[in-house]
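Listing of data35.txt, compact mmCIF, N, CA and C atoms
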```txt
# COMPACT_ATOMS: atom_id res chain seq x y z
N MET A 945 -46.35 52.16 -56.08
CA MET A 945 -45.83 52.31 -57.43
C MET A 945 -44.33 52.63 -57.33
N GLU A 946 -43.53 51.93 -58.11
CA GLU A 946 -42.09 52.13 -58.13
C GLU A 946 -41.68 52.72 -59.48
N LYS A 947 -40.71 53.63 -59.46
CA LYS A 947 -40.16 54.21 -60.68
C LYS A 947 -38.70 53.82 -60.78
N ARG A 948 -38.28 53.42 -61.98
CA ARG A 948 -36.88 53.12 -62.24
C ARG A 948 -36.41 53.98 -63.41
N GLU A 949 -35.21 54.51 -63.27
CA GLU A 949 -34.59 55.31 -64.32
C GLU A 949 -33.52 54.44 -64.98
N LEU A 950 -33.57 54.32 -66.31
CA LEU A 950 -32.61 53.53 -67.05
C LEU A 950 -32.04 54.34 -68.20
N VAL A 951 -30.88 53.94 -68.66
CA VAL A 951 -30.33 54.45 -69.91
C VAL A 951 -30.38 53.29 -70.89
N CYS A 952 -31.10 53.47 -71.97
CA CYS A 952 -31.28 52.41 -72.95
C CYS A 952 -29.96 52.12 -73.67
N VAL A 953 -29.67 50.84 -73.85
CA VAL A 953 -28.45 50.41 -74.55
C VAL A 953 -28.78 49.69 -75.86
N SER A 954 -30.02 49.80 -76.32
CA SER A 954 -30.43 49.11 -77.54
C SER A 954 -29.91 49.75 -78.81
N CYS A 955 -29.58 51.02 -78.76
CA CYS A 955 -29.04 51.71 -79.93
C CYS A 955 -28.14 52.84 -79.43
N PRO A 956 -27.44 53.52 -80.32
CA PRO A 956 -26.51 54.58 -79.89
C PRO A 956 -27.17 55.83 -79.29
N MET A 957 -28.48 55.96 -79.37
CA MET A 957 -29.16 57.16 -78.84
C MET A 957 -29.00 57.28 -77.32
N GLY A 958 -29.01 56.17 -76.59
CA GLY A 958 -28.85 56.22 -75.14
C GLY A 958 -29.96 56.98 -74.44
N CYS A 959 -31.19 56.70 -74.80
CA CYS A 959 -32.34 57.41 -74.23
C CYS A 959 -32.44 57.21 -72.72
N ALA A 960 -32.83 58.27 -72.03
CA ALA A 960 -33.13 58.19 -70.60
C ALA A 960 -34.58 57.73 -70.47
N ILE A 961 -34.76 56.55 -69.94
CA ILE A 961 -36.09 55.93 -69.88
C ILE A 961 -36.56 55.86 -68.43
N THR A 962 -37.83 56.15 -68.24
CA THR A 962 -38.46 55.99 -66.93
C THR A 962 -39.47 54.86 -67.03
N VAL A 963 -39.36 53.92 -66.11
CA VAL A 963 -40.28 52.78 -66.07
C VAL A 963 -41.05 52.84 -64.77
N GLU A 964 -42.36 52.72 -64.86
CA GLU A 964 -43.21 52.64 -63.67
C GLU A 964 -43.68 51.20 -63.52
N LEU A 965 -43.51 50.68 -62.29
CA LEU A 965 -43.92 49.31 -61.98
C LEU A 965 -44.98 49.33 -60.89
N ASP A 966 -45.94 48.41 -60.99
CA ASP A 966 -46.95 48.32 -59.95
C ASP A 966 -46.38 47.55 -58.76
N ASP A 967 -47.20 47.34 -57.74
CA ASP A 967 -46.74 46.68 -56.51
C ASP A 967 -46.36 45.23 -56.73
N ASN A 968 -46.76 44.63 -57.84
CA ASN A 968 -46.41 43.24 -58.16
C ASN A 968 -45.18 43.15 -59.06
N GLY A 969 -44.56 44.30 -59.36
CA GLY A 969 -43.38 44.31 -60.20
C GLY A 969 -43.69 44.27 -61.69
N GLN A 970 -44.94 44.48 -62.06
CA GLN A 970 -45.33 44.49 -63.47
C GLN A 970 -45.19 45.90 -64.03
N VAL A 971 -44.73 46.00 -65.27
CA VAL A 971 -44.54 47.30 -65.90
C VAL A 971 -45.89 47.92 -66.22
N VAL A 972 -46.07 49.16 -65.75
CA VAL A 972 -47.28 49.92 -66.01
C VAL A 972 -47.06 50.86 -67.19
N SER A 973 -45.88 51.52 -67.23
CA SER A 973 -45.61 52.44 -68.33
C SER A 973 -44.10 52.57 -68.56
N VAL A 974 -43.77 52.90 -69.79
CA VAL A 974 -42.39 53.18 -70.19
C VAL A 974 -42.41 54.50 -70.95
N THR A 975 -41.59 55.46 -70.50
CA THR A 975 -41.53 56.76 -71.18
C THR A 975 -40.08 57.16 -71.39
N GLY A 976 -39.86 58.01 -72.38
CA GLY A 976 -38.53 58.54 -72.66
C GLY A 976 -37.83 57.86 -73.82
N ASN A 977 -38.31 56.71 -74.23
CA ASN A 977 -37.69 56.03 -75.36
C ASN A 977 -38.12 56.68 -76.67
N THR A 978 -37.21 56.67 -77.65
CA THR A 978 -37.54 57.26 -78.94
C THR A 978 -37.81 56.20 -80.00
N CYS A 979 -37.68 54.93 -79.64
CA CYS A 979 -37.97 53.86 -80.60
C CYS A 979 -38.55 52.65 -79.87
N PRO A 980 -39.17 51.74 -80.59
CA PRO A 980 -39.77 50.56 -79.96
C PRO A 980 -38.76 49.65 -79.25
N ARG A 981 -37.51 49.68 -79.71
CA ARG A 981 -36.49 48.85 -79.04
C ARG A 981 -36.28 49.29 -77.60
N GLY A 982 -36.40 50.58 -77.35
CA GLY A 982 -36.24 51.10 -76.00
C GLY A 982 -37.33 50.60 -75.07
N ASP A 983 -38.55 50.53 -75.57
CA ASP A 983 -39.67 50.01 -74.78
C ASP A 983 -39.42 48.55 -74.43
N LYS A 984 -39.02 47.77 -75.42
CA LYS A 984 -38.76 46.34 -75.20
C LYS A 984 -37.61 46.15 -74.20
N TYR A 985 -36.53 46.90 -74.39
CA TYR A 985 -35.38 46.81 -73.48
C TYR A 985 -35.78 47.13 -72.04
N ALA A 986 -36.50 48.22 -71.85
CA ALA A 986 -36.88 48.65 -70.51
C ALA A 986 -37.76 47.62 -69.81
N ARG A 987 -38.73 47.08 -70.54
CA ARG A 987 -39.61 46.07 -69.94
C ARG A 987 -38.83 44.83 -69.52
N GLN A 988 -37.94 44.37 -70.39
CA GLN A 988 -37.16 43.17 -70.06
C GLN A 988 -36.19 43.46 -68.92
N GLU A 989 -35.54 44.60 -68.95
CA GLU A 989 -34.55 44.94 -67.93
C GLU A 989 -35.19 45.03 -66.54
N CYS A 990 -36.44 45.44 -66.48
CA CYS A 990 -37.11 45.58 -65.18
C CYS A 990 -37.78 44.30 -64.70
N THR A 991 -38.09 43.39 -65.60
CA THR A 991 -38.79 42.18 -65.19
C THR A 991 -37.93 40.93 -65.23
N HIS A 992 -36.99 40.85 -66.18
CA HIS A 992 -36.12 39.68 -66.30
C HIS A 992 -34.82 40.07 -67.00
N PRO A 993 -33.91 40.77 -66.28
CA PRO A 993 -32.68 41.22 -66.92
C PRO A 993 -31.78 40.05 -67.33
N GLU A 994 -31.22 40.16 -68.51
CA GLU A 994 -30.32 39.13 -69.03
C GLU A 994 -29.05 39.79 -69.56
N ARG A 995 -27.97 39.01 -69.57
CA ARG A 995 -26.70 39.49 -70.07
C ARG A 995 -25.97 38.39 -70.83
N MET A 996 -25.19 38.79 -71.82
CA MET A 996 -24.22 37.89 -72.44
C MET A 996 -23.04 37.83 -71.46
N VAL A 997 -22.41 36.69 -71.36
CA VAL A 997 -21.24 36.54 -70.51
C VAL A 997 -20.05 36.25 -71.41
N THR A 998 -18.98 37.00 -71.23
CA THR A 998 -17.74 36.76 -71.95
C THR A 998 -16.63 36.56 -70.93
N SER A 999 -15.70 35.68 -71.26
CA SER A 999 -14.60 35.39 -70.35
C SER A 999 -13.50 34.70 -71.14
N SER A 1000 -12.63 34.01 -70.45
CA SER A 1000 -11.60 33.20 -71.11
C SER A 1000 -11.42 31.91 -70.32
N VAL A 1001 -10.91 30.89 -71.02
CA VAL A 1001 -10.71 29.56 -70.45
C VAL A 1001 -9.27 29.15 -70.72
N ARG A 1002 -8.66 28.51 -69.74
CA ARG A 1002 -7.28 28.04 -69.91
C ARG A 1002 -7.21 26.92 -70.95
N VAL A 1003 -6.09 26.91 -71.67
CA VAL A 1003 -5.85 25.89 -72.70
C VAL A 1003 -4.48 25.27 -72.47
N GLU A 1004 -4.43 23.94 -72.47
CA GLU A 1004 -3.16 23.22 -72.35
C GLU A 1004 -2.70 22.79 -73.73
N GLY A 1005 -1.43 23.06 -74.04
CA GLY A 1005 -0.85 22.59 -75.29
C GLY A 1005 -1.23 23.37 -76.52
N GLY A 1006 -1.78 24.53 -76.34
CA GLY A 1006 -2.19 25.34 -77.49
C GLY A 1006 -1.19 26.43 -77.80
N ARG A 1007 -1.43 27.14 -78.88
CA ARG A 1007 -0.56 28.25 -79.23
C ARG A 1007 -0.81 29.46 -78.33
N LEU A 1008 -1.96 29.46 -77.65
CA LEU A 1008 -2.29 30.50 -76.68
C LEU A 1008 -2.59 29.85 -75.33
N PRO A 1009 -2.28 30.52 -74.22
CA PRO A 1009 -2.56 29.94 -72.90
C PRO A 1009 -4.05 29.97 -72.52
N VAL A 1010 -4.80 30.87 -73.16
CA VAL A 1010 -6.24 30.97 -72.89
C VAL A 1010 -6.97 31.20 -74.20
N VAL A 1011 -8.25 30.90 -74.20
CA VAL A 1011 -9.10 31.16 -75.35
C VAL A 1011 -10.33 31.94 -74.87
N PRO A 1012 -10.75 32.98 -75.62
CA PRO A 1012 -11.95 33.70 -75.21
C PRO A 1012 -13.20 32.85 -75.44
N VAL A 1013 -14.17 33.03 -74.56
CA VAL A 1013 -15.44 32.31 -74.65
C VAL A 1013 -16.59 33.27 -74.39
N LYS A 1014 -17.80 32.85 -74.82
CA LYS A 1014 -19.00 33.64 -74.55
C LYS A 1014 -20.20 32.71 -74.50
N THR A 1015 -21.28 33.21 -73.92
CA THR A 1015 -22.52 32.46 -73.91
C THR A 1015 -23.13 32.52 -75.31
N SER A 1016 -23.83 31.46 -75.69
CA SER A 1016 -24.47 31.42 -77.01
C SER A 1016 -25.70 32.32 -77.05
N GLN A 1017 -26.25 32.62 -75.88
CA GLN A 1017 -27.41 33.50 -75.73
C GLN A 1017 -27.28 34.20 -74.38
N PRO A 1018 -28.01 35.28 -74.16
CA PRO A 1018 -27.98 35.91 -72.84
C PRO A 1018 -28.53 34.96 -71.77
N ILE A 1019 -28.01 35.11 -70.55
CA ILE A 1019 -28.53 34.35 -69.41
C ILE A 1019 -29.05 35.34 -68.37
N ALA A 1020 -29.86 34.84 -67.46
CA ALA A 1020 -30.42 35.68 -66.40
C ALA A 1020 -29.28 36.35 -65.62
N LYS A 1021 -29.42 37.61 -65.36
CA LYS A 1021 -28.39 38.39 -64.70
C LYS A 1021 -27.97 37.78 -63.36
N GLU A 1022 -28.91 37.22 -62.64
CA GLU A 1022 -28.59 36.65 -61.33
C GLU A 1022 -27.75 35.37 -61.41
N LEU A 1023 -27.58 34.82 -62.61
CA LEU A 1023 -26.78 33.60 -62.78
C LEU A 1023 -25.34 33.88 -63.20
N ILE A 1024 -24.98 35.13 -63.41
CA ILE A 1024 -23.66 35.45 -63.94
C ILE A 1024 -22.54 34.93 -63.05
N PHE A 1025 -22.59 35.14 -61.75
CA PHE A 1025 -21.50 34.71 -60.88
C PHE A 1025 -21.38 33.19 -60.85
N ASP A 1026 -22.51 32.48 -60.84
CA ASP A 1026 -22.47 31.01 -60.88
C ASP A 1026 -21.93 30.53 -62.22
N CYS A 1027 -22.28 31.22 -63.29
CA CYS A 1027 -21.77 30.87 -64.61
C CYS A 1027 -20.26 31.05 -64.65
N MET A 1028 -19.77 32.13 -64.08
CA MET A 1028 -18.33 32.37 -64.05
C MET A 1028 -17.60 31.30 -63.23
N LYS A 1029 -18.20 30.82 -62.16
CA LYS A 1029 -17.59 29.74 -61.38
C LYS A 1029 -17.41 28.50 -62.25
N GLU A 1030 -18.42 28.19 -63.06
CA GLU A 1030 -18.34 27.04 -63.96
C GLU A 1030 -17.25 27.25 -65.02
N ILE A 1031 -17.21 28.42 -65.60
CA ILE A 1031 -16.22 28.73 -66.63
C ILE A 1031 -14.80 28.63 -66.06
N ASN A 1032 -14.61 29.15 -64.85
CA ASN A 1032 -13.28 29.17 -64.25
C ASN A 1032 -12.74 27.79 -63.91
N GLN A 1033 -13.59 26.77 -63.88
CA GLN A 1033 -13.15 25.41 -63.58
C GLN A 1033 -12.67 24.66 -64.82
N VAL A 1034 -12.94 25.21 -65.99
CA VAL A 1034 -12.64 24.51 -67.24
C VAL A 1034 -11.18 24.71 -67.65
N VAL A 1035 -10.55 23.61 -68.06
CA VAL A 1035 -9.24 23.64 -68.71
C VAL A 1035 -9.38 22.80 -69.98
N LEU A 1036 -9.15 23.42 -71.12
CA LEU A 1036 -9.29 22.74 -72.41
C LEU A 1036 -7.95 22.19 -72.87
N LYS A 1037 -8.01 21.17 -73.70
CA LYS A 1037 -6.83 20.63 -74.37
C LYS A 1037 -6.88 21.09 -75.83
N ALA A 1038 -5.75 21.57 -76.31
CA ALA A 1038 -5.67 22.01 -77.71
C ALA A 1038 -5.81 20.80 -78.63
N PRO A 1039 -6.33 20.97 -79.81
CA PRO A 1039 -6.70 22.25 -80.43
C PRO A 1039 -8.13 22.66 -80.06
N VAL A 1040 -8.33 23.95 -80.04
CA VAL A 1040 -9.65 24.53 -79.81
C VAL A 1040 -10.00 25.34 -81.04
N LYS A 1041 -11.20 25.16 -81.56
CA LYS A 1041 -11.66 25.86 -82.76
C LYS A 1041 -12.77 26.86 -82.40
N ILE A 1042 -12.89 27.90 -83.21
CA ILE A 1042 -13.98 28.86 -83.02
C ILE A 1042 -15.31 28.13 -83.11
N GLY A 1043 -16.17 28.37 -82.16
CA GLY A 1043 -17.49 27.74 -82.15
C GLY A 1043 -17.57 26.45 -81.36
N ASP A 1044 -16.41 25.92 -80.91
CA ASP A 1044 -16.44 24.71 -80.08
C ASP A 1044 -17.27 24.96 -78.82
N VAL A 1045 -18.06 23.98 -78.44
CA VAL A 1045 -18.83 24.08 -77.20
C VAL A 1045 -17.89 23.76 -76.05
N VAL A 1046 -17.68 24.72 -75.20
CA VAL A 1046 -16.80 24.57 -74.04
C VAL A 1046 -17.57 23.99 -72.86
N ILE A 1047 -18.77 24.48 -72.64
CA ILE A 1047 -19.69 23.94 -71.62
C ILE A 1047 -21.06 23.85 -72.28
N HIS A 1048 -21.63 22.66 -72.27
CA HIS A 1048 -22.97 22.47 -72.82
C HIS A 1048 -24.00 22.72 -71.73
N ASP A 1049 -25.03 23.50 -72.03
CA ASP A 1049 -26.16 23.73 -71.12
C ASP A 1049 -25.69 24.20 -69.74
N VAL A 1050 -24.94 25.29 -69.71
CA VAL A 1050 -24.41 25.80 -68.46
C VAL A 1050 -25.54 26.07 -67.46
N LEU A 1051 -25.40 25.56 -66.27
CA LEU A 1051 -26.34 25.75 -65.17
C LEU A 1051 -27.77 25.33 -65.52
N GLY A 1052 -27.93 24.43 -66.49
CA GLY A 1052 -29.26 23.97 -66.88
C GLY A 1052 -30.09 25.04 -67.57
N THR A 1053 -29.43 26.04 -68.14
CA THR A 1053 -30.14 27.15 -68.78
C THR A 1053 -30.49 26.88 -70.24
N GLY A 1054 -29.89 25.85 -70.81
CA GLY A 1054 -30.06 25.61 -72.24
C GLY A 1054 -29.10 26.43 -73.09
N VAL A 1055 -28.24 27.18 -72.44
CA VAL A 1055 -27.26 28.04 -73.11
C VAL A 1055 -25.89 27.38 -73.04
N ASP A 1056 -25.17 27.41 -74.17
CA ASP A 1056 -23.83 26.84 -74.21
C ASP A 1056 -22.79 27.94 -74.06
N ILE A 1057 -21.61 27.55 -73.58
CA ILE A 1057 -20.44 28.43 -73.58
C ILE A 1057 -19.61 28.03 -74.79
N LEU A 1058 -19.33 29.01 -75.66
CA LEU A 1058 -18.65 28.74 -76.92
C LEU A 1058 -17.28 29.42 -76.99
N ALA A 1059 -16.32 28.76 -77.63
CA ALA A 1059 -15.02 29.36 -77.90
C ALA A 1059 -15.19 30.38 -79.01
N THR A 1060 -14.54 31.53 -78.86
CA THR A 1060 -14.65 32.58 -79.87
C THR A 1060 -13.33 32.85 -80.59
N ASN A 1061 -12.36 31.98 -80.39
CA ASN A 1061 -11.09 32.07 -81.10
C ASN A 1061 -10.48 30.68 -81.13
N GLU A 1062 -9.34 30.54 -81.77
CA GLU A 1062 -8.66 29.26 -81.84
C GLU A 1062 -7.45 29.26 -80.93
N ALA A 1063 -7.11 28.09 -80.42
CA ALA A 1063 -5.93 27.96 -79.55
C ALA A 1063 -5.30 26.60 -79.77
```
What's the structure tokens form of this structure?
Amino acid sequence: MEKRELVCVSCPMGCAITVELDDNGQVVSVTGNTCPRGDKYARQECTHPERMVTSSVRVEGGRLPVVPVKTSQPIAKELIFDCMKEINQVVLKAPVKIGDVVIHDVLGTGVDILATNEA
């Protein structure tokens, strides 16, 4: 049996959560959360952690040299570095609009990289 200690980030409470996992990595119990969001967060964080990725992409001919970008949905935590490699290879041509798809289906995840400002 494995125990993991987490601080919940689902709300401002920041509950100290303890998660017990069996030998197969399945969640047996979650304690310390004060709301159902904490239980959901802890289970996902221990079995399939995901993160939103934010970065910036170079822009040629725009009013700004770079434009901020983000994933349209969270991606698996273990894919973050590969996702950043893909983002770092992109150079956009102006104009860039908020919501433009910068990379479609990054790493075959079904998640797009979107521009979050104009350039």
Pairwise distance for CA of Arg995 (chain A) and CA of Val1045 (chain A), rounded to one decimal in Å:
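Value for the CA of Arg995 (chain A)-CA of Val1045 (chain A) distance: 18.7 Å.
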Restrict the calculation to only C-alpha atoms, then for each residue of region 1012-1036 of chain A with any atom at most 8 Å from an atom of region 1000-1005 of chain A give the closest atom pair and their distance in Å to one decimal, rows by chain and rising residue number, as a tab-separated table.
```
residue	atom	partner	partner_atom	distance
A:Pro1012	CA	A:Ser1000	CA	4.1
A:Val1013	CA	A:Ser1000	CA	5.3
A:Ile1031	CA	A:Val1001	CA	6.8
A:Asn1032	CA	A:Val1001	CA	6.7
A:Val1034	CA	A:Val1001	CA	6.3
A:Val1035	CA	A:Arg1002	CA	5.0
A:Leu1036	CA	A:Val1003	CA	4.7
```
What does the distance from CA of Ile1047 (chain A) to atom C of Glu989 (chain A) come to in Å, to one decimal?
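If I compute the distance from CA of Ile1047 (chain A) to atom C of Glu989 (chain A), I get 26.7 Å.
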Write out as a PyMOL selection string each polymer residue whose atoms come within 8 Å of Thr1053 (chain A), counting only N, CA and C atoms; drop sequence neighbours fewer than 5 positions from it.
chain A and resi 1019-1020+1048
So which residues of chain A fall under strand (DSSP E) by DSSP, listed as a short mmCIF file (atom, residue, chain, number, x, y, z; two decimals) with N, CA and C atoms, in the coordinates of the input?
```
data_model
loop_
_atom_site.label_atom_id
_atom_site.label_comp_id
_atom_site.auth_asym_id
_atom_site.auth_seq_id
_atom_site.Cartn_x
_atom_site.Cartn_y
_atom_site.Cartn_z
N GLU A 946 -43.53 51.93 -58.11
CA GLU A 946 -42.09 52.13 -58.13
C GLU A 946 -41.68 52.72 -59.48
N LYS A 947 -40.71 53.63 -59.46
CA LYS A 947 -40.16 54.21 -60.68
C LYS A 947 -38.70 53.82 -60.78
N ARG A 948 -38.28 53.42 -61.98
CA ARG A 948 -36.88 53.12 -62.24
C ARG A 948 -36.41 53.98 -63.41
N GLU A 949 -35.21 54.51 -63.27
CA GLU A 949 -34.59 55.31 -64.32
C GLU A 949 -33.52 54.44 -64.98
N LEU A 950 -33.57 54.32 -66.31
CA LEU A 950 -32.61 53.53 -67.05
C LEU A 950 -32.04 54.34 -68.20
N VAL A 951 -30.88 53.94 -68.66
CA VAL A 951 -30.33 54.45 -69.91
C VAL A 951 -30.38 53.29 -70.89
N ALA A 960 -32.83 58.27 -72.03
CA ALA A 960 -33.13 58.19 -70.60
C ALA A 960 -34.58 57.73 -70.47
N ILE A 961 -34.76 56.55 -69.94
CA ILE A 961 -36.09 55.93 -69.88
C ILE A 961 -36.56 55.86 -68.43
N THR A 962 -37.83 56.15 -68.24
CA THR A 962 -38.46 55.99 -66.93
C THR A 962 -39.47 54.86 -67.03
N VAL A 963 -39.36 53.92 -66.11
CA VAL A 963 -40.28 52.78 -66.07
C VAL A 963 -41.05 52.84 -64.77
N GLU A 964 -42.36 52.72 -64.86
CA GLU A 964 -43.21 52.64 -63.67
C GLU A 964 -43.68 51.20 -63.52
N LEU A 965 -43.51 50.68 -62.29
CA LEU A 965 -43.92 49.31 -61.98
C LEU A 965 -44.98 49.33 -60.89
N VAL A 971 -44.73 46.00 -65.27
CA VAL A 971 -44.54 47.30 -65.90
C VAL A 971 -45.89 47.92 -66.22
N VAL A 972 -46.07 49.16 -65.75
CA VAL A 972 -47.28 49.92 -66.01
C VAL A 972 -47.06 50.86 -67.19
N SER A 973 -45.88 51.52 -67.23
CA SER A 973 -45.61 52.44 -68.33
C SER A 973 -44.10 52.57 -68.56
N VAL A 974 -43.77 52.90 -69.79
CA VAL A 974 -42.39 53.18 -70.19
C VAL A 974 -42.41 54.50 -70.95
N THR A 975 -41.59 55.46 -70.50
CA THR A 975 -41.53 56.76 -71.18
C THR A 975 -40.08 57.16 -71.39
N GLU A 994 -31.22 40.16 -68.51
CA GLU A 994 -30.32 39.13 -69.03
C GLU A 994 -29.05 39.79 -69.56
N ARG A 995 -27.97 39.01 -69.57
CA ARG A 995 -26.70 39.49 -70.07
C ARG A 995 -25.97 38.39 -70.83
N THR A 998 -18.98 37.00 -71.23
CA THR A 998 -17.74 36.76 -71.95
C THR A 998 -16.63 36.56 -70.93
N SER A 999 -15.70 35.68 -71.26
CA SER A 999 -14.60 35.39 -70.35
C SER A 999 -13.50 34.70 -71.14
N SER A 1000 -12.63 34.01 -70.45
CA SER A 1000 -11.60 33.20 -71.11
C SER A 1000 -11.42 31.91 -70.32
N VAL A 1001 -10.91 30.89 -71.02
CA VAL A 1001 -10.71 29.56 -70.45
C VAL A 1001 -9.27 29.15 -70.72
N ARG A 1002 -8.66 28.51 -69.74
CA ARG A 1002 -7.28 28.04 -69.91
C ARG A 1002 -7.21 26.92 -70.95
N VAL A 1003 -6.09 26.91 -71.67
CA VAL A 1003 -5.85 25.89 -72.70
C VAL A 1003 -4.48 25.27 -72.47
N GLU A 1004 -4.43 23.94 -72.47
CA GLU A 1004 -3.16 23.22 -72.35
C GLU A 1004 -2.70 22.79 -73.73
N VAL A 1010 -4.80 30.87 -73.16
CA VAL A 1010 -6.24 30.97 -72.89
C VAL A 1010 -6.97 31.20 -74.20
N VAL A 1011 -8.25 30.90 -74.20
CA VAL A 1011 -9.10 31.16 -75.35
C VAL A 1011 -10.33 31.94 -74.87
N PRO A 1012 -10.75 32.98 -75.62
CA PRO A 1012 -11.95 33.70 -75.21
C PRO A 1012 -13.20 32.85 -75.44
N VAL A 1013 -14.17 33.03 -74.56
CA VAL A 1013 -15.44 32.31 -74.65
C VAL A 1013 -16.59 33.27 -74.39
N LYS A 1014 -17.80 32.85 -74.82
CA LYS A 1014 -19.00 33.64 -74.55
C LYS A 1014 -20.20 32.71 -74.50
N THR A 1015 -21.28 33.21 -73.92
CA THR A 1015 -22.52 32.46 -73.91
C THR A 1015 -23.13 32.52 -75.31
N ILE A 1019 -28.01 35.11 -70.55
CA ILE A 1019 -28.53 34.35 -69.41
C ILE A 1019 -29.05 35.34 -68.37
N ALA A 1020 -29.86 34.84 -67.46
CA ALA A 1020 -30.42 35.68 -66.40
C ALA A 1020 -29.28 36.35 -65.62
N VAL A 1035 -10.55 23.61 -68.06
CA VAL A 1035 -9.24 23.64 -68.71
C VAL A 1035 -9.38 22.80 -69.98
N LEU A 1036 -9.15 23.42 -71.12
CA LEU A 1036 -9.29 22.74 -72.41
C LEU A 1036 -7.95 22.19 -72.87
N LYS A 1037 -8.01 21.17 -73.70
CA LYS A 1037 -6.83 20.63 -74.37
C LYS A 1037 -6.88 21.09 -75.83
N VAL A 1045 -18.06 23.98 -78.44
CA VAL A 1045 -18.83 24.08 -77.20
C VAL A 1045 -17.89 23.76 -76.05
N VAL A 1046 -17.68 24.72 -75.20
CA VAL A 1046 -16.80 24.57 -74.04
C VAL A 1046 -17.57 23.99 -72.86
N ILE A 1047 -18.77 24.48 -72.64
CA ILE A 1047 -19.69 23.94 -71.62
C ILE A 1047 -21.06 23.85 -72.28
N ILE A 1057 -21.61 27.55 -73.58
CA ILE A 1057 -20.44 28.43 -73.58
C ILE A 1057 -19.61 28.03 -74.79
N LEU A 1058 -19.33 29.01 -75.66
CA LEU A 1058 -18.65 28.74 -76.92
C LEU A 1058 -17.28 29.42 -76.99
N ALA A 1059 -16.32 28.76 -77.63
CA ALA A 1059 -15.02 29.36 -77.90
C ALA A 1059 -15.19 30.38 -79.01
#
```
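For the pair atom C of Gly969 (chain A) and CA of Arg987 (chain A), the separation is 9.4 Å.
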Near Gly1043 (chain A), within 6 Å and counting all atoms listed in the file, which residues show up once chain neighbours fewer than 4 positions away are dropped, as a PyMOL selection string?
chain A and resi 1058-1061
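Here the helix (DSSP H, G or I) residues in chain A, by DSSP on the backbone, are Pro980, Arg981, Gly982, Asp983, Lys984, Tyr985, Ala986, Arg987, Gln988, Glu989, Cys990, Thr991, Lys1021, Glu1022, Leu1023, Ile1024, Phe1025, Asp1026, Cys1027, Met1028, Lys1029, Glu1030, Ile1031, Asn1032, Val1050, Leu1051 and Gly1052 of chain A.
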Which residue out of A:Met945, A:Cys979, A:Val1055, A:Met1028 has the minimum interatomic distance to Cys959 (chain A) when all atoms listed in the file are used?
A:Cys979
Ranking A:Gln970, A:Thr998, A:Thr978, A:Thr1015 by minimum distance to Val951 (chain A) and counting only C-alpha atoms, which one comes first?
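Closest to Val951 (chain A) of all the choices is A:Thr978.
Distance check against Pro956 (chain A) using only C-alpha atoms: of A:Ile1057, A:Thr991, A:Gly982, A:Lys1021, the minimum falls on A:Gly982.
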All residues 8 Å or closer to Pro1039 (chain A), all atoms listed in the file, same chain fewer than 2 positions away omitted, as a VMD selection string:
chain A and resid 1004 to 1007 1036 to 1037 1041 to 1042 1062 to 1063
Neighbour list for Leu1051 (chain A) as a PDB file with N, CA and C atoms, keeping the file's coordinate frame, cut-off 8 Å, only N, CA and C atoms, skip fewer than 6 positions in-chain:
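Resulting contents of around_3.pdb:
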```pdb
ATOM      1  N   ASP A1026     -22.510  32.480 -60.840  1.00  0.00           N
ATOM      2  CA  ASP A1026     -22.470  31.010 -60.880  1.00  0.00           C
ATOM      3  C   ASP A1026     -21.930  30.530 -62.220  1.00  0.00           C
ATOM      4  N   CYS A1027     -22.280  31.220 -63.290  1.00  0.00           N
ATOM      5  CA  CYS A1027     -21.770  30.870 -64.610  1.00  0.00           C
ATOM      6  C   CYS A1027     -20.260  31.050 -64.650  1.00  0.00           C
ATOM      7  N   GLU A1030     -18.420  28.190 -63.060  1.00  0.00           N
ATOM      8  CA  GLU A1030     -18.340  27.040 -63.960  1.00  0.00           C
ATOM      9  C   GLU A1030     -17.250  27.250 -65.020  1.00  0.00           C
TER      10      GLU A1030
END
```
Which residue of A:Ser999, A:Thr962, A:Ser973, A:Gln1033 approaches Arg948 (chain A) most closely, using only N, CA and C atoms
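Ranked by minimum distance to Arg948 (chain A), first place goes to A:Thr962.
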For region 983-989 of chain A, which lacks atoms in the input, supply N, CA, C and O atoms and format the output as an mmCIF file, in the coordinates of the input.
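Saved file out.cif follows:
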```
data_model
loop_
_atom_site.group_PDB
_atom_site.id
_atom_site.type_symbol
_atom_site.label_atom_id
_atom_site.label_comp_id
_atom_site.auth_asym_id
_atom_site.auth_seq_id
_atom_site.Cartn_x
_atom_site.Cartn_y
_atom_site.Cartn_z
ATOM 1 N N ASP A 983 -38.550 50.530 -75.570
ATOM 2 C CA ASP A 983 -39.670 50.010 -74.780
ATOM 3 C C ASP A 983 -39.420 48.550 -74.430
ATOM 4 O O ASP A 983 -39.544 48.139 -73.276
ATOM 5 N N LYS A 984 -39.020 47.770 -75.420
ATOM 6 C CA LYS A 984 -38.760 46.340 -75.200
ATOM 7 C C LYS A 984 -37.610 46.150 -74.200
ATOM 8 O O LYS A 984 -37.707 45.341 -73.284
ATOM 9 N N TYR A 985 -36.530 46.900 -74.390
ATOM 10 C CA TYR A 985 -35.380 46.810 -73.480
ATOM 11 C C TYR A 985 -35.780 47.130 -72.040
ATOM 12 O O TYR A 985 -35.443 46.394 -71.116
ATOM 13 N N ALA A 986 -36.500 48.220 -71.850
ATOM 14 C CA ALA A 986 -36.880 48.650 -70.510
ATOM 15 C C ALA A 986 -37.760 47.620 -69.810
ATOM 16 O O ALA A 986 -37.577 47.320 -68.630
ATOM 17 N N ARG A 987 -38.730 47.080 -70.540
ATOM 18 C CA ARG A 987 -39.610 46.070 -69.940
ATOM 19 C C ARG A 987 -38.830 44.830 -69.520
ATOM 20 O O ARG A 987 -39.011 44.307 -68.427
ATOM 21 N N GLN A 988 -37.940 44.370 -70.390
ATOM 22 C CA GLN A 988 -37.160 43.170 -70.060
ATOM 23 C C GLN A 988 -36.190 43.460 -68.920
ATOM 24 O O GLN A 988 -36.022 42.647 -68.011
ATOM 25 N N GLU A 989 -35.540 44.600 -68.950
ATOM 26 C CA GLU A 989 -34.550 44.940 -67.930
ATOM 27 C C GLU A 989 -35.190 45.030 -66.540
ATOM 28 O O GLU A 989 -34.568 44.687 -65.547
#
```
